[in-house]
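Enquirer: Below is entry_15.txt; it holds compact mmCIF, C-alpha atoms.
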# COMPACT_ATOMS: atom_id res chain seq x y z
CA MET F 1 6.88 14.00 0.28
CA ASN F 2 4.87 10.93 -0.81
CA LYS F 3 1.10 10.84 -1.04
CA LEU F 4 0.48 9.17 2.31
CA GLN F 5 2.74 11.60 4.13
CA THR F 6 0.91 14.47 2.45
CA TYR F 7 -2.40 13.04 3.67
CA LEU F 8 -1.03 12.64 7.21
CA THR F 9 0.05 16.28 7.18
CA GLU F 10 -3.33 17.43 5.87
CA ALA F 11 -5.10 15.45 8.59
CA GLY F 12 -3.00 17.11 11.28
CA VAL F 13 -0.98 14.08 12.42
CA PRO F 14 2.08 15.40 14.35
CA ALA F 15 5.31 15.17 12.33
CA GLU F 16 7.01 13.07 15.00
CA LEU F 17 4.41 10.31 14.42
CA HIS F 18 4.76 10.22 10.63
CA ALA F 19 7.50 7.56 10.57
CA GLN F 20 5.46 5.20 12.76
CA ALA F 21 2.29 5.86 10.78
CA LEU F 22 3.93 5.35 7.39
CA ALA F 23 5.61 2.11 8.48
CA SER F 24 2.27 0.70 9.62
CA LEU F 25 0.28 1.92 6.61
CA GLN F 26 2.81 0.82 4.00
CA SER F 27 3.18 -2.65 5.52
CA ALA F 28 -0.29 -3.36 4.10
CA ARG F 29 0.71 -2.54 0.53
CA LYS F 30 2.37 -5.80 -0.62
CA PRO F 31 -0.31 -8.11 0.85
CA ALA F 32 -2.99 -5.94 -0.73
CA LEU F 33 -1.31 -6.24 -4.14
CA ILE F 34 -1.46 -10.04 -3.89
CA ARG F 35 -5.13 -9.79 -2.87
CA PHE F 36 -5.80 -7.61 -5.92
CA TRP F 37 -4.54 -10.28 -8.33
CA VAL F 38 -6.38 -13.05 -6.49
CA GLY F 39 -9.55 -10.95 -6.71
CA LEU F 40 -9.14 -10.59 -10.48
CA THR F 41 -9.14 -14.35 -10.96
CA ALA F 42 -11.95 -14.99 -8.44
CA PRO F 43 -14.87 -14.85 -10.96
CA ILE F 44 -13.23 -17.55 -13.10
CA VAL F 45 -12.11 -19.77 -10.22
CA TRP F 46 -15.45 -19.45 -8.40
CA ALA F 47 -17.35 -20.49 -11.52
CA PHE F 48 -15.84 -23.93 -10.98
CA ILE F 49 -15.97 -23.86 -7.18
CA ALA F 50 -19.66 -22.88 -7.06
CA ALA F 51 -20.53 -25.63 -9.52
CA LEU F 52 -18.71 -28.37 -7.58
CA LEU F 53 -19.13 -27.29 -3.95
CA PRO F 54 -21.68 -29.29 -1.91
CA ARG F 55 -24.73 -27.28 -0.85
CA GLU F 56 -24.08 -28.09 2.82
CA ALA F 57 -20.57 -26.57 2.71
CA GLU F 58 -19.92 -23.71 5.15
CA GLN F 59 -16.33 -22.94 4.14
CA LEU F 60 -13.80 -23.79 1.47
CA PRO F 61 -11.24 -26.59 1.78
CA ARG F 62 -7.87 -25.32 3.03
CA TRP F 63 -6.18 -25.44 -0.38
CA LEU F 64 -8.75 -22.97 -1.74
CA ARG F 65 -8.76 -20.56 1.22
CA TRP F 66 -7.16 -17.76 -0.80
CA TYR F 67 -10.55 -17.41 -2.51
CA ASP F 68 -12.51 -17.34 0.74
CA ASN F 69 -14.10 -14.03 1.78
CA ASN F 70 -13.80 -14.91 5.50
CA ILE F 71 -17.43 -13.96 6.16
CA SER F 72 -19.45 -16.84 4.80
CA ILE F 73 -19.41 -18.48 1.40
CA ASN F 74 -23.21 -18.40 1.62
CA GLY F 75 -23.74 -14.62 1.83
CA ASP F 76 -22.98 -12.00 4.45
CA ARG F 77 -26.49 -11.56 5.83
CA SER F 78 -27.57 -14.23 8.28
CA ASP F 79 -28.69 -14.46 11.88
CA TRP F 80 -26.32 -14.44 14.83
CA ALA F 81 -26.63 -16.37 18.08
CA LEU F 82 -24.85 -15.99 21.42
CA ILE F 83 -23.36 -19.41 22.24
CA ASP F 84 -21.04 -19.95 25.22
CA GLY F 85 -20.50 -16.21 25.46
CA ARG F 86 -19.48 -15.82 21.81
CA HIS F 87 -21.41 -14.46 18.84
CA VAL F 88 -21.71 -17.20 16.24
CA ARG F 89 -23.11 -16.83 12.72
CA MET F 90 -25.97 -19.26 12.12
CA PRO F 91 -25.88 -21.38 8.94
CA ALA F 92 -27.54 -19.89 5.88
CA PRO F 93 -30.85 -21.56 4.92
CA ASP F 94 -30.92 -24.17 2.19
CA GLU F 95 -34.31 -23.22 0.79
CA ASP F 96 -34.98 -20.42 -1.69
CA VAL F 97 -35.14 -17.11 0.18
CA VAL F 98 -36.75 -13.75 -0.51
CA HIS F 99 -36.20 -10.91 1.94
CA ASP F 100 -38.17 -7.70 1.75
CA ASP F 101 -36.57 -6.05 4.80
CA GLY F 102 -33.24 -5.17 3.17
CA GLN F 103 -31.41 -7.95 5.02
CA HIS F 104 -30.64 -10.02 1.95
CA VAL F 105 -29.27 -13.46 2.71
CA SER F 106 -28.93 -14.04 -1.01
CA TYR F 107 -27.73 -11.55 -3.60
CA TRP F 108 -29.86 -13.26 -6.19
CA PRO F 109 -33.33 -13.72 -4.61
CA PRO F 110 -35.35 -15.86 -4.78
CA TYR F 111 -32.59 -18.48 -4.97
CA SER F 112 -31.10 -20.26 -1.99
CA PRO F 113 -27.88 -18.58 -0.81
CA ARG F 114 -26.34 -22.04 -1.17
CA SER F 115 -27.10 -22.35 -4.87
CA PHE F 116 -24.76 -21.57 -7.77
CA LEU F 117 -25.68 -17.98 -8.68
CA PRO F 118 -25.57 -16.46 -5.16
CA ARG F 119 -22.31 -18.21 -4.33
CA TRP F 120 -20.68 -17.17 -7.61
CA ASN F 121 -21.93 -13.59 -7.27
CA PHE F 122 -20.93 -13.15 -3.64
CA ASN F 123 -17.60 -14.96 -3.76
CA GLY F 124 -16.57 -14.47 -7.37
CA ILE F 125 -17.86 -11.09 -8.54
CA ARG F 126 -17.89 -9.48 -5.08
CA ASN F 127 -14.81 -11.26 -3.73
CA ARG F 128 -12.78 -9.12 -1.31
CA CYS F 129 -10.26 -11.85 -0.40
CA GLY F 130 -11.30 -11.54 3.22
CA TRP F 131 -9.41 -14.63 4.34
CA LEU F 132 -6.16 -13.12 3.07
CA ALA F 133 -7.08 -9.73 4.52
CA LYS F 134 -7.34 -11.31 7.94
CA LYS F 135 -4.32 -13.58 7.45
CA TRP F 136 -2.18 -10.46 6.94
CA GLY F 137 -4.06 -8.28 9.40
CA MET F 138 -3.04 -7.11 12.88
CA PRO F 139 -4.37 -8.29 16.26
CA LEU F 140 -5.79 -5.65 18.58
CA GLU F 141 -5.92 -7.71 21.76
CA ASN F 142 -4.09 -5.60 24.32
CA ILE F 143 -6.06 -2.40 24.00
CA ALA F 144 -9.16 -1.04 25.73
CA TYR F 145 -12.62 -1.22 24.15
CA ARG F 146 -15.63 0.93 24.83
CA ALA F 147 -19.14 0.32 23.47
CA GLY F 148 -17.73 -2.52 21.39
CA LEU F 149 -15.13 -0.36 19.62
CA PRO F 150 -11.39 0.09 20.29
CA VAL F 151 -10.28 3.09 22.32
CA LEU F 152 -7.99 4.92 19.91
CA ASP F 153 -4.50 6.08 20.81
CA GLY F 154 -5.08 8.98 18.48
CA GLU F 155 -7.44 10.25 15.80
CA TRP F 156 -6.96 13.13 13.38
CA GLY F 157 -8.86 14.73 10.53
CA ASN F 158 -12.62 14.62 10.11
CA PRO F 159 -14.44 11.73 11.85
CA GLU F 160 -17.59 12.48 9.85
CA ILE F 161 -16.17 11.68 6.39
CA GLY F 162 -18.25 9.44 4.18
CA ARG F 163 -20.17 9.38 0.96
CA GLN F 164 -21.54 12.85 1.58
CA VAL F 165 -18.65 14.39 3.56
CA MET F 166 -15.24 14.76 1.92
CA GLY F 167 -11.97 14.76 3.84
CA ILE F 168 -9.34 12.62 5.58
CA ARG F 169 -9.57 10.54 8.74
CA VAL F 170 -6.58 8.92 10.42
CA ALA F 171 -6.79 6.55 13.39
CA CYS F 172 -4.29 4.62 15.47
CA ALA F 173 -4.81 1.89 18.09
CA GLY F 174 -2.04 -0.19 19.61
CA GLY F 175 0.45 1.12 17.06
CA VAL F 176 -1.77 -0.02 14.17
CA TRP F 177 -2.83 2.72 11.72
CA GLN F 178 -5.61 3.40 9.23
CA LEU F 179 -6.02 6.31 6.81
CA VAL F 180 -9.27 6.96 4.92
CA ARG F 181 -9.76 9.76 2.40
CA THR F 182 -12.90 10.66 0.46
CA SER F 183 -13.09 13.08 -2.46
CA LYS F 184 -15.55 14.07 -5.17
CA LEU F 185 -15.09 12.42 -8.54
CA TRP F 186 -17.37 12.28 -11.61
CA GLY F 187 -20.37 13.33 -9.56
CA GLY F 188 -19.78 10.53 -7.08
CA THR F 189 -17.36 9.75 -4.25
CA LYS F 190 -13.87 8.28 -4.51
CA THR F 191 -12.66 6.51 -1.36
CA GLU F 192 -9.07 5.63 -0.50
CA ASN F 193 -8.41 3.32 2.45
CA TYR F 194 -4.89 2.40 3.56
CA GLY F 195 -3.37 0.32 6.36
CA PHE F 196 -5.54 -1.77 8.68
CA GLU F 197 -9.24 -1.58 9.49
CA VAL F 198 -8.81 -0.10 12.96
CA LEU F 199 -12.10 1.80 12.75
CA ASN F 200 -14.01 -1.42 12.01
CA ALA F 201 -12.42 -3.49 14.76
CA ASN F 202 -14.70 -4.72 17.54
CA THR F 203 -14.71 -6.74 20.72
CA ILE F 204 -15.92 -9.88 18.92
CA ASP F 205 -12.70 -10.62 17.04
CA ARG F 206 -10.32 -7.84 18.28
CA PHE F 207 -8.63 -7.70 14.90
CA ALA F 208 -7.84 -5.16 12.19
CA THR F 209 -7.86 -6.60 8.69
CA CYS F 210 -5.34 -5.52 6.07
CA THR F 211 -6.52 -3.01 3.47
CA TRP F 212 -5.02 -1.01 0.61
CA THR F 213 -7.77 0.46 -1.53
CA ALA F 214 -6.36 3.30 -3.59
CA TRP F 215 -9.48 3.51 -5.76
CA SER F 216 -13.10 2.85 -4.86
CA TRP F 217 -15.90 4.85 -6.51
CA LYS F 218 -19.60 5.11 -5.76
CA GLY F 219 -22.06 7.12 -7.78
CA PRO F 220 -24.28 9.90 -6.41
CA LYS F 221 -26.53 8.73 -3.61
CA LYS F 222 -30.15 8.54 -4.77
Take the structure in the file and give it back as structure tokens.

Expert:
Amino acid sequence: MNKLQTYLTEAGVPAELHAQALASLQSARKPALIRFWVGLTAPIVWAFIAALLPREAEQLPRWLRWYDNNISINGDRSDWALIDGRHVRMPAPDEDVVHDDGQHVSYWPPYSPRSFLPRWNFNGIRNRCGWLAKKWGMPLENIAYRAGLPVLDGEWGNPEIGRQVMGIRVACAGGVWQLVRTSKLWGGTKTENYGFEVLNANTIDRFATCTWTAWSWKGPKK
């Protein structure tokens, strides 16, 4: 029995659903491996991109999209507006910004989120290859949503898992599966996340991005 099947069993997923679950979860493995290698080169590649990219740029040219995080090349904290019935992210400011409310537009205050250091930090050091994650993700169009979240076909394990609660959580919507497991390690929390981000899908984009994170560690919460 492989690791994922063991986790499915521990979470209480019925045996007759294991084949479907494993097929969905494992289909994310190869794309995630490619994303891993792209992520390793991102700090080097983005050192050149951030130096040459115009300040007014909102996204990368198509031939560089593999290094796009699919959120915003100018930071992931900016205002949203409702335009023609759709939520649209407003452009990041061009001036130097300091936020004292925790909503950091720039990861290197007080610089502009459009300047070299914030762009290199956010897209190079913190690159999650979000464009690729969505390119290889799964649409969740033909399912019901409630309170902005997908109505799950099934959910097993502990829905309260997180940095302070250890365990396994498995979710399925529209035949698309996600498995998350947290465990204690070195005084902190190790998180494993396989399949597609069903639990983070919403009515805005109705999409589950591809994920295969076998190792993510955070230290003790202060």

Enquirer: Could you pull the residues within 8 Å of Glu155 of chain F, counting only C-alpha atoms, minus those fewer than 3 positions along the same chain, as a ChimeraX atom specification?

Expert: /F:152,169-172

Enquirer: Take the selection from the previous step and output its residues with C-alpha atoms, as an mmCIF file, keeping the file's coordinate frame.

Expert:
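Once written, result00.cif looks like this:
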data_model
loop_
_atom_site.group_PDB
_atom_site.id
_atom_site.type_symbol
_atom_site.label_atom_id
_atom_site.label_comp_id
_atom_site.auth_asym_id
_atom_site.auth_seq_id
_atom_site.Cartn_x
_atom_site.Cartn_y
_atom_site.Cartn_z
ATOM 1 C CA LEU F 152 -7.990 4.920 19.910
ATOM 2 C CA ARG F 169 -9.570 10.540 8.740
ATOM 3 C CA VAL F 170 -6.580 8.920 10.420
ATOM 4 C CA ALA F 171 -6.790 6.550 13.390
ATOM 5 C CA CYS F 172 -4.290 4.620 15.470
#

Enquirer: Which one of F:Ile71, F:Ile49, F:Leu149, F:Ala173 sits closest to Phe116 of chain F if you count all atoms listed in the file?

Expert: F:Ile49

Enquirer: How would you write as a ChimeraX atom specification the residues that get within 8 Å of (-6.9, 18.8, 5.9) in the file's frame, counting only C-alpha atoms?

Expert: /F:7,9-12,157,167-168

Enquirer: Excluding same-chain residues fewer than 6 positions from Tyr67 of chain F, what lies within 8 Å of it counting only C-alpha atoms, as a PyMOL selection string?

Expert: chain F and resi 38-39+42+46+123+127+129+131

Enquirer: Write a file of the just-selected residues containing C-alpha atoms, as an mmCIF file, in the coordinates of the input.

Expert:
data_model
loop_
_atom_site.group_PDB
_atom_site.id
_atom_site.type_symbol
_atom_site.label_atom_id
_atom_site.label_comp_id
_atom_site.auth_asym_id
_atom_site.auth_seq_id
_atom_site.Cartn_x
_atom_site.Cartn_y
_atom_site.Cartn_z
ATOM 1 C CA VAL F 38 -6.380 -13.050 -6.490
ATOM 2 C CA GLY F 39 -9.550 -10.950 -6.710
ATOM 3 C CA ALA F 42 -11.950 -14.990 -8.440
ATOM 4 C CA TRP F 46 -15.450 -19.450 -8.400
ATOM 5 C CA ASN F 123 -17.600 -14.960 -3.760
ATOM 6 C CA ASN F 127 -14.810 -11.260 -3.730
ATOM 7 C CA CYS F 129 -10.260 -11.850 -0.400
ATOM 8 C CA TRP F 131 -9.410 -14.630 4.340
#

Enquirer: Quick one: of F:Leu8, F:Leu117, F:Ala32, F:Leu52, who's nearest to Gln178 of chain F, counting only C-alpha atoms?

Expert: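 Smallest distance to Gln178 of chain F is found for F:Leu8.
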
Enquirer: Would you kindly identify which residues have an atom no farther than 10 Å from (-6.5, -1.3, -4.7), using only C-alpha atoms and the file's own coordinates, and write them out as a list in words?

Expert: Arg29, Ala32, Leu33, Arg35, Phe36, Trp37, Glu192, Asn193, Tyr194, Thr211, Trp212, Thr213, Ala214, Trp215 and Ser216 of chain F

Enquirer: May I ask for the distance between atom CA of Gln164 of chain F and atom CA of Leu199 of chain F, given in Å to one decimal place?

Expert: 18.3 Å

Enquirer: Which residues come within 9 Å of Gly174 of chain F, counting only C-alpha atoms, excluding same-chain residues fewer than 2 positions away, as a list in words?

Expert: Leu140, Glu141, Asn142, Ile143, Leu152, Asp153, Cys172, Val176 and Trp177 of chain F

Enquirer: Please dump the current selection as a PDB file, keeping the file's coordinate frame; keep C-alpha atoms.

Expert:
ATOM      1  CA  LEU F 140      -5.790  -5.650  18.580  1.00  0.00           C
ATOM      2  CA  GLU F 141      -5.920  -7.710  21.760  1.00  0.00           C
ATOM      3  CA  ASN F 142      -4.090  -5.600  24.320  1.00  0.00           C
ATOM      4  CA  ILE F 143      -6.060  -2.400  24.000  1.00  0.00           C
ATOM      5  CA  LEU F 152      -7.990   4.920  19.910  1.00  0.00           C
ATOM      6  CA  ASP F 153      -4.500   6.080  20.810  1.00  0.00           C
ATOM      7  CA  CYS F 172      -4.290   4.620  15.470  1.00  0.00           C
ATOM      8  CA  VAL F 176      -1.770  -0.020  14.170  1.00  0.00           C
ATOM      9  CA  TRP F 177      -2.830   2.720  11.720  1.00  0.00           C
TER      10      TRP F 177
END

Enquirer: Pick from F:Gly124, F:Gly75, F:Gly154, F:Pro31: nearest to Pro43 of chain F, with all atoms listed in the file counted?

Expert: F:Gly124

Enquirer: Between F:Thr182, F:Ser72, F:Ser27, F:Asn121, which is the closest to Met90 of chain F once you count all atoms listed in the file?

Expert: F:Ser72

Enquirer: Of the residues F:Ala201, F:Trp120, F:Lys184, F:Gly175, which is the one nearest to Ala147 of chain F, using only C-alpha atoms?

Expert: F:Ala201

Enquirer: Just give me the gap between atom CA of Ala28 of chain F and atom CA of Pro118 of chain F in Å, one decimal is fine.

Expert: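 Atom CA of Pro118 of chain F lies 29.9 Å from atom CA of Ala28 of chain F.
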
Enquirer: Kindly indicate which residue among F:Pro91, F:Pro150, F:Gly162, F:Gly137 lies nearest to Thr191 of chain F, using only C-alpha atoms for the distances.

Expert: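 Checking each of F:Pro91, F:Pro150, F:Gly162, F:Gly137 against Thr191 of chain F, counting only C-alpha atoms, the winner is F:Gly162.
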